[in-house]
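Trainee: Following this line is my_file_39.pdb, made up of PDB, C-alpha atoms and all ligand atoms:
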ATOM      1  CA  MET K  18     -86.165 -30.742  27.655
ATOM      2  CA  LEU K  19     -89.771 -31.958  28.067
ATOM      3  CA  LEU K  20     -89.487 -33.623  24.641
ATOM      4  CA  GLU K  21     -87.519 -36.354  26.395
ATOM      5  CA  PHE K  22     -90.659 -37.137  28.398
ATOM      6  CA  GLY K  23     -92.996 -37.355  25.418
ATOM      7  CA  VAL K  24     -94.420 -33.801  25.579
ATOM      8  CA  SER K  25     -94.236 -31.748  22.396
ATOM      9  CA  ALA K  26     -93.039 -28.147  22.578
ATOM     10  CA  PRO K  27     -96.425 -26.629  21.507
ATOM     11  CA  GLU K  28     -98.240 -28.789  24.095
ATOM     12  CA  ALA K  29     -95.835 -27.800  26.853
ATOM     13  CA  GLU K  30     -96.157 -24.148  25.851
ATOM     14  CA  ARG K  31     -99.980 -24.282  25.967
ATOM     15  CA  VAL K  32    -100.057 -25.872  29.384
ATOM     16  CA  HIS K  33     -97.271 -23.682  30.746
ATOM     17  CA  ARG K  34     -99.173 -20.507  29.800
ATOM     18  CA  CYS K  35    -102.090 -21.652  31.951
ATOM     19  CA  TYR K  36    -100.310 -23.674  34.628
ATOM     20  CA  PRO K  37     -96.574 -22.915  34.828
ATOM     21  CA  VAL K  38     -94.071 -25.753  34.671
ATOM     22  CA  ARG K  39     -91.065 -25.794  37.000
ATOM     23  CA  LEU K  40     -88.742 -28.701  37.782
ATOM     24  CA  ALA K  41     -85.438 -28.819  39.631
ATOM     25  CA  PRO K  42     -82.592 -31.070  38.446
ATOM     26  CA  TYR K  43     -83.329 -33.311  41.456
ATOM     27  CA  ASN K  44     -86.897 -33.899  40.165
ATOM     28  CA  LEU K  45     -85.748 -34.475  36.583
ATOM     29  CA  ALA K  46     -83.299 -37.128  37.697
ATOM     30  CA  GLN K  47     -86.189 -39.161  39.160
ATOM     31  CA  LEU K  48     -88.341 -39.169  36.026
ATOM     32  CA  SER K  49     -88.594 -41.947  33.488
ATOM     33  CA  ARG K  50     -87.696 -41.326  29.851
ATOM     34  CA  GLU K  51     -89.164 -44.698  28.845
ATOM     35  CA  ASP K  52     -92.523 -44.713  30.597
ATOM     36  CA  ALA K  53     -94.715 -41.618  30.228
ATOM     37  CA  GLY K  54     -97.219 -43.195  32.640
ATOM     38  CA  ASP K  55     -94.654 -43.562  35.418
ATOM     39  CA  PRO K  56     -96.174 -42.351  38.710
ATOM     40  CA  LEU K  57     -93.473 -39.724  39.280
ATOM     41  CA  ASN K  58     -93.811 -38.460  35.697
ATOM     42  CA  ARG K  59     -97.552 -38.037  36.159
ATOM     43  CA  MET K  60     -96.989 -35.682  39.111
ATOM     44  CA  ALA K  61     -94.264 -33.630  37.408
ATOM     45  CA  VAL K  62     -94.685 -33.607  33.630
ATOM     46  CA  PRO K  63     -97.352 -31.297  32.125
ATOM     47  CA  SER K  64    -100.204 -32.841  30.168
ATOM     48  CA  VAL K  65    -102.748 -31.310  27.814
ATOM     49  CA  ARG K  66    -105.382 -33.097  29.914
ATOM     50  CA  GLU K  67    -104.901 -30.248  32.402
ATOM     51  CA  LEU K  68    -106.613 -27.962  29.903
ATOM     52  CA  VAL K  69    -109.761 -30.071  29.515
ATOM     53  CA  PRO K  70    -112.626 -28.234  31.240
ATOM     54  CA  GLU K  71    -114.552 -30.097  33.937
ATOM     55  CA  PRO K  72    -118.204 -29.070  34.258
ATOM     56  CA  GLY K  73    -118.943 -27.164  37.458
ATOM     57  CA  VAL K  74    -115.318 -27.093  38.594
ATOM     58  CA  GLY K  75    -113.380 -23.831  38.884
ATOM     59  CA  ALA K  76    -109.957 -22.589  39.919
ATOM     60  CA  ASP K  77    -110.868 -21.447  43.428
ATOM     61  CA  PRO K  78    -113.472 -23.683  45.121
ATOM     62  CA  PHE K  79    -112.453 -22.529  48.607
ATOM     63  CA  ALA K  80    -112.712 -18.837  47.656
ATOM     64  CA  GLU K  81    -109.106 -18.198  48.646
ATOM     65  CA  LYS K  82    -108.944 -15.377  46.141
ATOM     66  CA  THR K  83    -112.289 -13.798  46.806
ATOM     67  CA  ARG K  84    -112.597 -14.467  50.552
ATOM     68  CA  ALA K  85    -111.980 -11.232  52.421
ATOM     69  CA  ALA K  86    -108.431 -11.387  53.740
ATOM     70  CA  CYS K  87    -108.045 -10.878  57.498
ATOM     71  CA  CYS K  88    -105.199  -8.673  56.417
ATOM     72  CA  TYR K  89    -102.809  -8.818  53.484
ATOM     73  CA  GLY K  90    -101.631 -12.394  52.837
ATOM     74  CA  LEU K  91    -103.560 -13.952  55.709
ATOM     75  CA  LYS K  92    -106.704 -16.060  55.272
ATOM     76  CA  GLN K  93    -108.929 -17.854  57.727
ATOM     77  CA  ARG K  94    -111.215 -20.807  56.989
ATOM     78  CA  PHE K  95    -111.333 -22.388  60.446
ATOM     79  CA  PRO K  96    -111.684 -20.466  63.729
ATOM     80  CA  ASP K  97    -108.595 -21.786  65.521
ATOM     81  CA  ARG K  98    -106.070 -21.400  62.713
ATOM     82  CA  VAL K  99    -104.956 -19.064  59.970
ATOM     83  CA  LEU K 100    -103.077 -19.469  56.736
ATOM     84  CA  VAL K 101    -100.207 -17.113  56.015
ATOM     85  CA  MET K 102     -99.115 -17.026  52.388
ATOM     86  CA  ALA K 103     -95.356 -16.941  52.755
ATOM     87  CA  HIS K 104     -94.287 -17.627  49.160
ATOM     88  CA  ASP K 105     -95.722 -18.040  45.660
ATOM     89  CA  ARG K 106     -93.116 -20.452  44.279
ATOM     90  CA  CYS K 107     -92.448 -24.154  44.693
ATOM     91  CA  ALA K 108     -89.414 -26.271  43.839
ATOM     92  CA  MET K 109     -91.601 -28.312  41.505
ATOM     93  CA  THR K 110     -94.999 -27.347  40.162
ATOM     94  CA  CYS K 111     -97.008 -30.469  40.982
ATOM     95  CA  ARG K 112     -99.465 -31.135  38.204
ATOM     96  CA  HIS K 113    -102.138 -32.130  40.762
ATOM     97  CA  CYS K 114    -101.746 -28.947  42.828
ATOM     98  CA  THR K 115    -104.863 -27.546  44.455
ATOM     99  CA  ARG K 116    -103.593 -23.986  44.077
ATOM    100  CA  LYS K 117    -102.343 -24.435  40.523
ATOM    101  CA  GLY K 118    -104.518 -21.619  39.191
ATOM    102  CA  LEU K 119    -104.021 -19.306  42.173
ATOM    103  CA  LEU K 120    -100.321 -18.972  42.863
ATOM    104  CA  GLN K 121     -99.430 -16.707  39.976
ATOM    105  CA  ASP K 122    -101.052 -13.627  41.466
ATOM    106  CA  ALA K 123    -101.382 -14.680  45.104
ATOM    107  CA  GLU K 124    -101.189 -12.143  47.919
ATOM    108  CA  VAL K 125     -97.927 -13.010  49.637
ATOM    109  CA  VAL K 126     -96.509 -11.546  52.849
ATOM    110  CA  ARG K 127     -93.158 -10.170  51.701
ATOM    111  CA  THR K 128     -92.301  -7.078  53.734
ATOM    112  CA  PRO K 129     -91.622  -6.608  57.469
ATOM    113  CA  GLY K 130     -94.638  -4.271  57.550
ATOM    114  CA  GLN K 131     -96.938  -6.927  56.083
ATOM    115  CA  LEU K 132     -95.626  -9.495  58.549
ATOM    116  CA  ALA K 133     -96.129  -7.097  61.468
ATOM    117  CA  ALA K 134     -99.728  -6.494  60.331
ATOM    118  CA  ALA K 135    -100.361 -10.252  60.117
ATOM    119  CA  VAL K 136     -98.961 -10.786  63.618
ATOM    120  CA  ALA K 137    -101.051  -7.895  64.977
ATOM    121  CA  TRP K 138    -104.179  -9.449  63.452
ATOM    122  CA  VAL K 139    -103.475 -12.822  65.066
ATOM    123  CA  LYS K 140    -102.775 -11.124  68.394
ATOM    124  CA  GLY K 141    -106.157  -9.430  68.176
ATOM    125  CA  HIS K 142    -107.842 -12.838  67.702
ATOM    126  CA  PRO K 143    -106.913 -14.935  70.748
ATOM    127  CA  GLY K 144    -108.974 -17.894  69.481
ATOM    128  CA  VAL K 145    -106.276 -18.503  66.876
ATOM    129  CA  ARG K 146    -103.852 -21.070  68.237
ATOM    130  CA  GLU K 147    -102.231 -22.398  65.079
ATOM    131  CA  VAL K 148    -100.549 -20.566  62.219
ATOM    132  CA  LEU K 149     -99.980 -22.353  58.921
ATOM    133  CA  LEU K 150     -97.143 -20.988  56.802
ATOM    134  CA  SER K 151     -97.823 -22.059  53.256
ATOM    135  CA  GLY K 152     -97.908 -20.880  49.687
ATOM    136  CA  GLY K 153     -96.114 -21.857  47.475
ATOM    137  CA  ASP K 154     -93.349 -23.319  49.554
ATOM    138  CA  PRO K 155     -92.086 -21.323  52.544
ATOM    139  CA  LEU K 156     -88.897 -23.391  52.742
ATOM    140  CA  LEU K 157     -87.719 -21.894  49.453
ATOM    141  CA  LEU K 158     -87.198 -18.591  51.252
ATOM    142  CA  PRO K 159     -83.782 -17.706  52.675
ATOM    143  CA  ASP K 160     -83.242 -19.016  56.209
ATOM    144  CA  ARG K 161     -83.451 -15.580  57.800
ATOM    145  CA  ARG K 162     -86.886 -14.953  56.256
ATOM    146  CA  ILE K 163     -88.249 -18.348  57.273
ATOM    147  CA  LEU K 164     -87.020 -17.772  60.810
ATOM    148  CA  ALA K 165     -88.480 -14.259  60.859
ATOM    149  CA  PHE K 166     -91.912 -15.707  60.058
ATOM    150  CA  VAL K 167     -91.639 -18.457  62.651
ATOM    151  CA  ARG K 168     -90.224 -16.198  65.360
ATOM    152  CA  ALA K 169     -92.914 -13.565  64.840
ATOM    153  CA  PHE K 170     -95.765 -16.025  65.430
ATOM    154  CA  ALA K 171     -94.110 -18.493  67.824
ATOM    155  CA  ARG K 172     -93.448 -15.766  70.368
ATOM    156  CA  LEU K 173     -97.205 -15.135  70.803
ATOM    157  CA  PRO K 174     -98.300 -17.056  73.933
ATOM    158  CA  GLN K 175    -101.642 -17.954  72.291
ATOM    159  CA  ILE K 176     -99.868 -19.879  69.498
ATOM    160  CA  ASP K 177     -99.390 -23.580  70.197
ATOM    161  CA  ALA K 178     -98.066 -24.535  66.778
ATOM    162  CA  VAL K 179     -96.502 -22.937  63.734
ATOM    163  CA  ARG K 180     -97.169 -25.414  60.993
ATOM    164  CA  ILE K 181     -95.033 -25.281  57.866
ATOM    165  CA  GLY K 182     -96.698 -26.705  54.764
ATOM    166  CA  THR K 183     -93.852 -27.725  52.484
ATOM    167  CA  ARG K 184     -93.067 -30.280  49.820
ATOM    168  CA  VAL K 185     -89.375 -29.381  49.902
ATOM    169  CA  PRO K 186     -88.415 -32.533  51.887
ATOM    170  CA  VAL K 187     -89.787 -34.463  48.883
ATOM    171  CA  THR K 188     -88.961 -32.253  45.907
ATOM    172  CA  LEU K 189     -85.746 -30.493  46.999
ATOM    173  CA  PRO K 190     -84.585 -32.306  50.148
ATOM    174  CA  MET K 191     -81.094 -30.777  50.190
ATOM    175  CA  ARG K 192     -82.763 -27.446  51.035
ATOM    176  CA  VAL K 193     -83.496 -28.833  54.519
ATOM    177  CA  THR K 194     -79.988 -28.138  55.743
ATOM    178  CA  PRO K 195     -78.834 -29.192  59.214
ATOM    179  CA  VAL K 196     -78.538 -25.493  60.121
ATOM    180  CA  LEU K 197     -82.115 -24.730  59.088
ATOM    181  CA  ALA K 198     -83.546 -27.820  60.797
ATOM    182  CA  ARG K 199     -81.778 -27.023  64.068
ATOM    183  CA  ALA K 200     -82.843 -23.366  63.935
ATOM    184  CA  LEU K 201     -86.492 -24.381  63.445
ATOM    185  CA  GLY K 202     -86.302 -26.911  66.266
ATOM    186  CA  VAL K 203     -85.235 -24.231  68.747
ATOM    187  CA  PHE K 204     -88.740 -22.717  68.805
ATOM    188  CA  LYS K 205     -90.331 -25.964  70.044
ATOM    189  CA  LYS K 206     -93.541 -24.966  68.284
ATOM    190  CA  VAL K 207     -92.762 -25.903  64.683
ATOM    191  CA  TRP K 208     -94.541 -28.800  62.988
ATOM    192  CA  VAL K 209     -93.834 -29.749  59.385
ATOM    193  CA  ASN K 210     -96.531 -31.094  57.091
ATOM    194  CA  THR K 211     -95.168 -32.439  53.875
ATOM    195  CA  GLN K 212     -96.619 -34.427  50.982
ATOM    196  CA  PHE K 213     -95.184 -37.746  49.874
ATOM    197  CA  ASN K 214     -97.480 -39.433  47.345
ATOM    198  CA  HIS K 215     -95.435 -42.425  46.220
ATOM    199  CA  ALA K 216     -92.927 -44.721  47.931
ATOM    200  CA  ARG K 217     -90.332 -43.905  45.252
ATOM    201  CA  GLU K 218     -90.290 -40.327  46.504
ATOM    202  CA  ILE K 219     -88.771 -41.673  49.730
ATOM    203  CA  THR K 220     -85.231 -41.448  48.402
ATOM    204  CA  PRO K 221     -82.138 -41.506  50.640
ATOM    205  CA  GLU K 222     -82.002 -37.705  50.253
ATOM    206  CA  ALA K 223     -85.649 -37.257  51.267
ATOM    207  CA  ALA K 224     -85.244 -39.658  54.195
ATOM    208  CA  ALA K 225     -82.190 -37.713  55.355
ATOM    209  CA  ALA K 226     -84.053 -34.377  55.119
ATOM    210  CA  CYS K 227     -86.894 -35.759  57.257
ATOM    211  CA  ALA K 228     -84.402 -37.223  59.727
ATOM    212  CA  ARG K 229     -82.785 -33.793  60.142
ATOM    213  CA  LEU K 230     -86.174 -32.319  61.036
ATOM    214  CA  VAL K 231     -87.206 -35.168  63.342
ATOM    215  CA  GLU K 232     -83.849 -35.119  65.119
ATOM    216  CA  ALA K 233     -84.254 -31.382  65.649
ATOM    217  CA  GLY K 234     -87.440 -32.183  67.584
ATOM    218  CA  ILE K 235     -89.890 -31.285  64.829
ATOM    219  CA  PRO K 236     -92.900 -33.572  64.280
ATOM    220  CA  VAL K 237     -93.190 -34.397  60.564
ATOM    221  CA  SER K 238     -96.393 -35.661  58.935
ATOM    222  CA  SER K 239     -97.400 -36.390  55.383
ATOM    223  CA  GLN K 240    -100.654 -35.157  53.921
ATOM    224  CA  SER K 241    -100.705 -37.257  50.790
ATOM    225  CA  VAL K 242    -103.140 -36.989  47.891
ATOM    226  CA  LEU K 243    -104.904 -39.964  46.340
ATOM    227  CA  LEU K 244    -103.947 -39.715  42.675
ATOM    228  CA  LYS K 245    -105.074 -41.890  39.788
ATOM    229  CA  GLY K 246    -102.127 -43.615  38.170
ATOM    230  CA  VAL K 247     -99.831 -42.664  41.052
ATOM    231  CA  ASN K 248    -100.977 -44.337  44.256
ATOM    232  CA  ASP K 249    -104.538 -45.619  43.658
ATOM    233  CA  SER K 250    -103.851 -49.222  44.584
ATOM    234  CA  VAL K 251    -103.634 -50.834  47.985
ATOM    235  CA  GLY K 252    -100.097 -51.998  47.201
ATOM    236  CA  ALA K 253     -98.912 -48.468  46.370
ATOM    237  CA  LEU K 254    -100.563 -47.059  49.511
ATOM    238  CA  PHE K 255     -99.114 -49.832  51.664
ATOM    239  CA  ASP K 256     -95.600 -49.145  50.348
ATOM    240  CA  LEU K 257     -96.085 -45.388  50.855
ATOM    241  CA  CYS K 258     -97.421 -45.582  54.410
ATOM    242  CA  THR K 259     -95.004 -48.192  55.678
ATOM    243  CA  GLY K 260     -92.119 -46.376  53.959
ATOM    244  CA  LEU K 261     -93.101 -43.159  55.717
ATOM    245  CA  GLN K 262     -93.330 -44.871  59.080
ATOM    246  CA  ARG K 263     -89.863 -46.296  58.510
ATOM    247  CA  ILE K 264     -88.440 -42.763  58.191
ATOM    248  CA  ARG K 265     -90.484 -41.522  61.172
ATOM    249  CA  VAL K 266     -92.898 -39.444  59.101
ATOM    250  CA  ARG K 267     -96.484 -39.885  60.226
ATOM    251  CA  PRO K 268     -98.873 -40.803  57.379
ATOM    252  CA  TYR K 269    -101.515 -38.366  58.539
ATOM    253  CA  TYR K 270    -104.067 -37.758  55.792
ATOM    254  CA  ILE K 271    -104.870 -39.159  52.386
ATOM    255  CA  PHE K 272    -106.777 -36.383  50.637
ATOM    256  CA  LEU K 273    -109.147 -36.979  47.798
ATOM    257  CA  CYS K 274    -108.423 -34.515  44.995
ATOM    258  CA  ASP K 275    -110.029 -31.149  45.606
ATOM    259  CA  PRO K 276    -112.725 -29.943  43.216
ATOM    260  CA  VAL K 277    -110.221 -27.780  41.354
ATOM    261  CA  ALA K 278    -109.873 -27.204  37.617
ATOM    262  CA  GLY K 279    -107.007 -28.846  35.760
ATOM    263  CA  ILE K 280    -106.735 -32.078  37.737
ATOM    264  CA  ALA K 281    -109.690 -34.162  36.488
ATOM    265  CA  HIS K 282    -107.339 -36.857  35.172
ATOM    266  CA  PHE K 283    -106.063 -37.463  38.727
ATOM    267  CA  ARG K 284    -109.438 -38.040  40.351
ATOM    268  CA  VAL K 285    -110.166 -41.384  42.020
ATOM    269  CA  PRO K 286    -113.901 -42.109  42.392
ATOM    270  CA  LEU K 287    -115.224 -41.977  45.956
ATOM    271  CA  ARG K 288    -116.342 -45.622  45.937
ATOM    272  CA  ARG K 289    -112.883 -46.766  44.952
ATOM    273  CA  ALA K 290    -111.278 -44.507  47.590
ATOM    274  CA  ARG K 291    -113.505 -46.045  50.265
ATOM    275  CA  ARG K 292    -112.521 -49.529  49.162
ATOM    276  CA  LEU K 293    -108.838 -48.614  49.278
ATOM    277  CA  GLU K 294    -109.272 -47.206  52.776
ATOM    278  CA  ARG K 295    -110.886 -50.448  53.991
ATOM    279  CA  GLU K 296    -108.256 -52.629  52.334
ATOM    280  CA  LEU K 297    -105.369 -50.573  53.700
ATOM    281  CA  ALA K 298    -106.796 -50.713  57.233
ATOM    282  CA  VAL K 299    -106.564 -54.501  57.084
ATOM    283  CA  ARG K 300    -102.874 -54.352  56.162
ATOM    284  CA  VAL K 301    -101.363 -51.667  58.417
ATOM    285  CA  GLY K 302    -101.712 -50.713  62.071
ATOM    286  CA  GLY K 303    -102.976 -47.371  63.326
ATOM    287  CA  LEU K 304     -99.630 -45.584  63.447
ATOM    288  CA  ALA K 305     -99.106 -46.115  59.732
ATOM    289  CA  LEU K 306    -102.761 -45.675  58.765
ATOM    290  CA  PRO K 307    -103.703 -42.212  57.482
ATOM    291  CA  ARG K 308    -107.216 -40.803  57.636
ATOM    292  CA  PHE K 309    -108.908 -40.623  54.248
ATOM    293  CA  VAL K 310    -110.570 -37.227  53.995
ATOM    294  CA  MET K 311    -111.873 -34.697  51.547
ATOM    295  CA  ASP K 312    -112.067 -30.959  51.695
ATOM    296  CA  ILE K 313    -115.600 -29.864  50.851
ATOM    297  CA  PRO K 314    -116.122 -26.180  50.048
ATOM    298  CA  GLY K 315    -118.075 -24.546  52.878
ATOM    299  CA  SER K 316    -117.523 -27.404  55.345
ATOM    300  CA  PRO K 317    -116.121 -26.408  58.757
ATOM    301  CA  ARG K 318    -113.813 -29.448  58.841
ATOM    302  CA  LYS K 319    -111.964 -32.008  56.774
ATOM    303  CA  THR K 320    -114.612 -34.611  56.020
ATOM    304  CA  PRO K 321    -113.846 -38.331  56.503
ATOM    305  CA  ILE K 322    -114.769 -40.178  53.325
TER     306      ILE K 322
HETATM  307  S1  LIG S 401     -95.524 -28.083  46.424
HETATM  308 FE1  LIG S 401     -97.669 -27.915  47.110
HETATM  309  S2  LIG S 401     -98.275 -25.819  46.587
HETATM  310 FE2  LIG S 401     -96.423 -26.307  45.413
HETATM  311  S3  LIG S 401     -97.130 -27.063  43.458
HETATM  312 FE3  LIG S 401     -96.806 -28.856  44.767
HETATM  313  S4  LIG S 401     -98.816 -29.232  45.711
HETATM  314 FE4  LIG S 401     -98.860 -27.138  44.889
END
Show me, as structure tokens, the structure contained in the file I just sent.
Mentor:
Amino acid sequence: MLLEFGVSAPEAERVHRCYPVRLAPYNLAQLSREDAGDPLNRMAVPSVRELVPEPGVGADPFAEKTRAACCYGLKQRFPDRVLVMAHDRCAMTCRHCTRKGLLQDAEVVRTPGQLAAAVAWVKGHPGVREVLLSGGDPLLLPDRRILAFVRAFARLPQIDAVRIGTRVPVTLPMRVTPVLARALGVFKKVWVNTQFNHAREITPEAAAACARLVEAGIPVSSQSVLLKGVNDSVGALFDLCTGLQRIRVRPYYIFLCDPVAGIAHFRVPLRRARRLERELAVRVGGLALPRFVMDIPGSPRKTPI
């Protein structure tokens, strides 16, 4: 199937062994068979460039694998929030993914016992006020499992927000069913952070998925990634940010690529990123203007560029 997108079978096989390839029919329908450099192709179609080593760059710069877990499947980098690994799969394996080398053998909370232990840990640490359900994509789980996660943490009085990190509104929007959106809205603590990187990802289906969440009372933001050949022009960023505002999704962050192996061909130099930030600020008002940040290993915060 990837032959149609200019990738040979041996190439695809080599990349897939290192960084698995997964695409849903919805993603395939958006890709271009004529233009291998199409922005959506770049994010979805594997490339042998992923296998080119980058000096000094490894698979796990934030020590997610080696950092002592608070308990199984739960990691803490910042004092007021914790990450709960709720799944190890995504609808589409984004070629620029920060966790591309980590998901295959990630510690994931799967059993009621593991969830109970995670909740007990949070309860024992009253400084934690935000829980981030991530992975992988938590919204690929069955509804009852998603709701079990949310319910377990949302009922703790110390928790102000249960944040769901998901690209499903972009990559598999029909999964955000009206029933699921309404059920998540009931808790009044759920926030959804998604990741739109290009205006063409704002399809009628994606807009409808976000509308279902927003209308259920759930704030939706986009943490986009600045990607070479995808959105590294002021025009592309303008279209992305204004398009998001139009569907009531807050353009929240633009992340520079993390120092992770396998994504060197997506990196935008810092100087260019700074210029894009300045140029974008001239063209859009604050509500549609994301903060340009980078995640620096060891830093206690997201760092403005
Ligand atoms: S959806 Fe997120 S976690 Fe999954 S592959 Fe894409 S960037 Fe990575």
Trainee: For the provided coordinates, the residues matched by the PyMOL selection byres (((not hetatm)) within 9 of (chain S and resi 401)) should be stated as a PyMOL selection string.
Mentor: chain K and resi 39+60+105-117+120+151-154+182-185+187-188+211-212
Trainee: So that I can see what lies close to region 307-309 of chain K, please list as number ranges by chain the residues with an atom at most 8 Å from it, counting all atoms listed in the file and leaving out residues fewer than 3 positions away in the same chain.
Mentor: K: 258, 268-273, 294, 303-304, 321-322
Trainee: Keeping only C-alpha atoms, take the residues you just selected and write them out as an mmCIF file, keeping the file's coordinate frame.
Mentor:
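That gives us part-v3.cif:
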data_model
loop_
_atom_site.group_PDB
_atom_site.id
_atom_site.type_symbol
_atom_site.label_atom_id
_atom_site.label_comp_id
_atom_site.auth_asym_id
_atom_site.auth_seq_id
_atom_site.Cartn_x
_atom_site.Cartn_y
_atom_site.Cartn_z
ATOM 1 C CA CYS K 258 -97.421 -45.582 54.410
ATOM 2 C CA PRO K 268 -98.873 -40.803 57.379
ATOM 3 C CA TYR K 269 -101.515 -38.366 58.539
ATOM 4 C CA TYR K 270 -104.067 -37.758 55.792
ATOM 5 C CA ILE K 271 -104.870 -39.159 52.386
ATOM 6 C CA PHE K 272 -106.777 -36.383 50.637
ATOM 7 C CA LEU K 273 -109.147 -36.979 47.798
ATOM 8 C CA GLU K 294 -109.272 -47.206 52.776
ATOM 9 C CA GLY K 303 -102.976 -47.371 63.326
ATOM 10 C CA LEU K 304 -99.630 -45.584 63.447
ATOM 11 C CA PRO K 321 -113.846 -38.331 56.503
ATOM 12 C CA ILE K 322 -114.769 -40.178 53.325
#
Trainee: Out of K:Ile264, K:Val242, K:Cys88, K:Val209, which residue has the shortest atom-to-atom distance to Ala305 (chain K) when counting all atoms listed in the file?
Mentor: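 So, comparing all the options, the nearest one is K:Ile264.
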Trainee: Starting from the point (-112.8, -25.4, 40.8), work out which residues of protein, DNA or RNA have an atom no more than 7 Å away when counting all atoms listed in the file; state them as a list of chain:residue names.
Mentor: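 Looking at atoms near the point gives K:Val74, K:Gly75, K:Ala76, K:Asp77, K:Pro78, K:Pro276, K:Val277, K:Ala278.
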Trainee: Which residues, named as in the file, does the PyMOL selection byres (((chain K and resi 136) around 12) and not hetatm) pick out? Answer as a short mmCIF file (atom, residue, chain, number, x, y, z; two decimals) with C-alpha atoms, keeping the file's coordinate frame.
Mentor:
data_model
loop_
_atom_site.label_atom_id
_atom_site.label_comp_id
_atom_site.auth_asym_id
_atom_site.auth_seq_id
_atom_site.Cartn_x
_atom_site.Cartn_y
_atom_site.Cartn_z
CA CYS K 87 -108.04 -10.88 57.50
CA CYS K 88 -105.20 -8.67 56.42
CA TYR K 89 -102.81 -8.82 53.48
CA GLY K 90 -101.63 -12.39 52.84
CA LEU K 91 -103.56 -13.95 55.71
CA VAL K 99 -104.96 -19.06 59.97
CA LEU K 100 -103.08 -19.47 56.74
CA VAL K 101 -100.21 -17.11 56.02
CA VAL K 126 -96.51 -11.55 52.85
CA PRO K 129 -91.62 -6.61 57.47
CA GLY K 130 -94.64 -4.27 57.55
CA GLN K 131 -96.94 -6.93 56.08
CA LEU K 132 -95.63 -9.49 58.55
CA ALA K 133 -96.13 -7.10 61.47
CA ALA K 134 -99.73 -6.49 60.33
CA ALA K 135 -100.36 -10.25 60.12
CA ALA K 137 -101.05 -7.90 64.98
CA TRP K 138 -104.18 -9.45 63.45
CA VAL K 139 -103.48 -12.82 65.07
CA LYS K 140 -102.78 -11.12 68.39
CA GLY K 141 -106.16 -9.43 68.18
CA HIS K 142 -107.84 -12.84 67.70
CA PRO K 143 -106.91 -14.94 70.75
CA VAL K 145 -106.28 -18.50 66.88
CA VAL K 148 -100.55 -20.57 62.22
CA ALA K 165 -88.48 -14.26 60.86
CA PHE K 166 -91.91 -15.71 60.06
CA VAL K 167 -91.64 -18.46 62.65
CA ARG K 168 -90.22 -16.20 65.36
CA ALA K 169 -92.91 -13.56 64.84
CA PHE K 170 -95.76 -16.02 65.43
CA ALA K 171 -94.11 -18.49 67.82
CA ARG K 172 -93.45 -15.77 70.37
CA LEU K 173 -97.20 -15.14 70.80
CA GLN K 175 -101.64 -17.95 72.29
CA ILE K 176 -99.87 -19.88 69.50
#
Trainee: Could you state the separation of CA of Gly252 (chain K) and CA of Val301 (chain K) in Å, given to one decimal place?
Mentor: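 Here the two named atoms are 11.3 Å from each other.
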Trainee: Using CA of Leu243 (chain K) and CA of Ala53 (chain K) as the two end points, give the distance in Å to one decimal.
Mentor: 19.1 Å
Trainee: Report, in Å with one decimal, the straight-line distance from CA of Ala103 (chain K) to CA of Pro155 (chain K).
Mentor: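 If I compute the distance from CA of Ala103 (chain K) to CA of Pro155 (chain K), I get 5.5 Å.
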Trainee: So what does the PyMOL selection byres (((chain K and resi 249) around 12) and not hetatm) actually pick up in this one, as a ChimeraX atom specification?
Mentor: /K:56,214-215,241-248,250-257,271-274,283-287,289-294,296-297
Trainee: If you count only C-alpha atoms, which residues fall within 12 Å of Gly54 (chain K), apart from same-chain ones fewer than 2 positions away, as a list in words?
Mentor: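 The neighbour list is Phe22, Gly23, Leu48, Ser49, Arg50, Glu51, Asp52, Pro56, Leu57, Asn58, Arg59, Met60, Ala61, Val62, Pro63, Ser64, Lys245, Gly246 and Val247 of chain K.
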Trainee: Using all atoms listed in the file, which of the listed residues (K:Ala225, K:Val196, K:Pro190, K:Gly315) sits closest to Ala41 (chain K)?
Mentor: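 Going through K:Ala225, K:Val196, K:Pro190, K:Gly315 one by one, the smallest distance to Ala41 (chain K) is for K:Pro190.
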Trainee: Taking into account only C-alpha atoms, which residue in the set K:Lys205, K:Arg263, K:Arg199, K:Arg318 is nearest to Asp97 (chain K)?
Mentor: K:Arg318
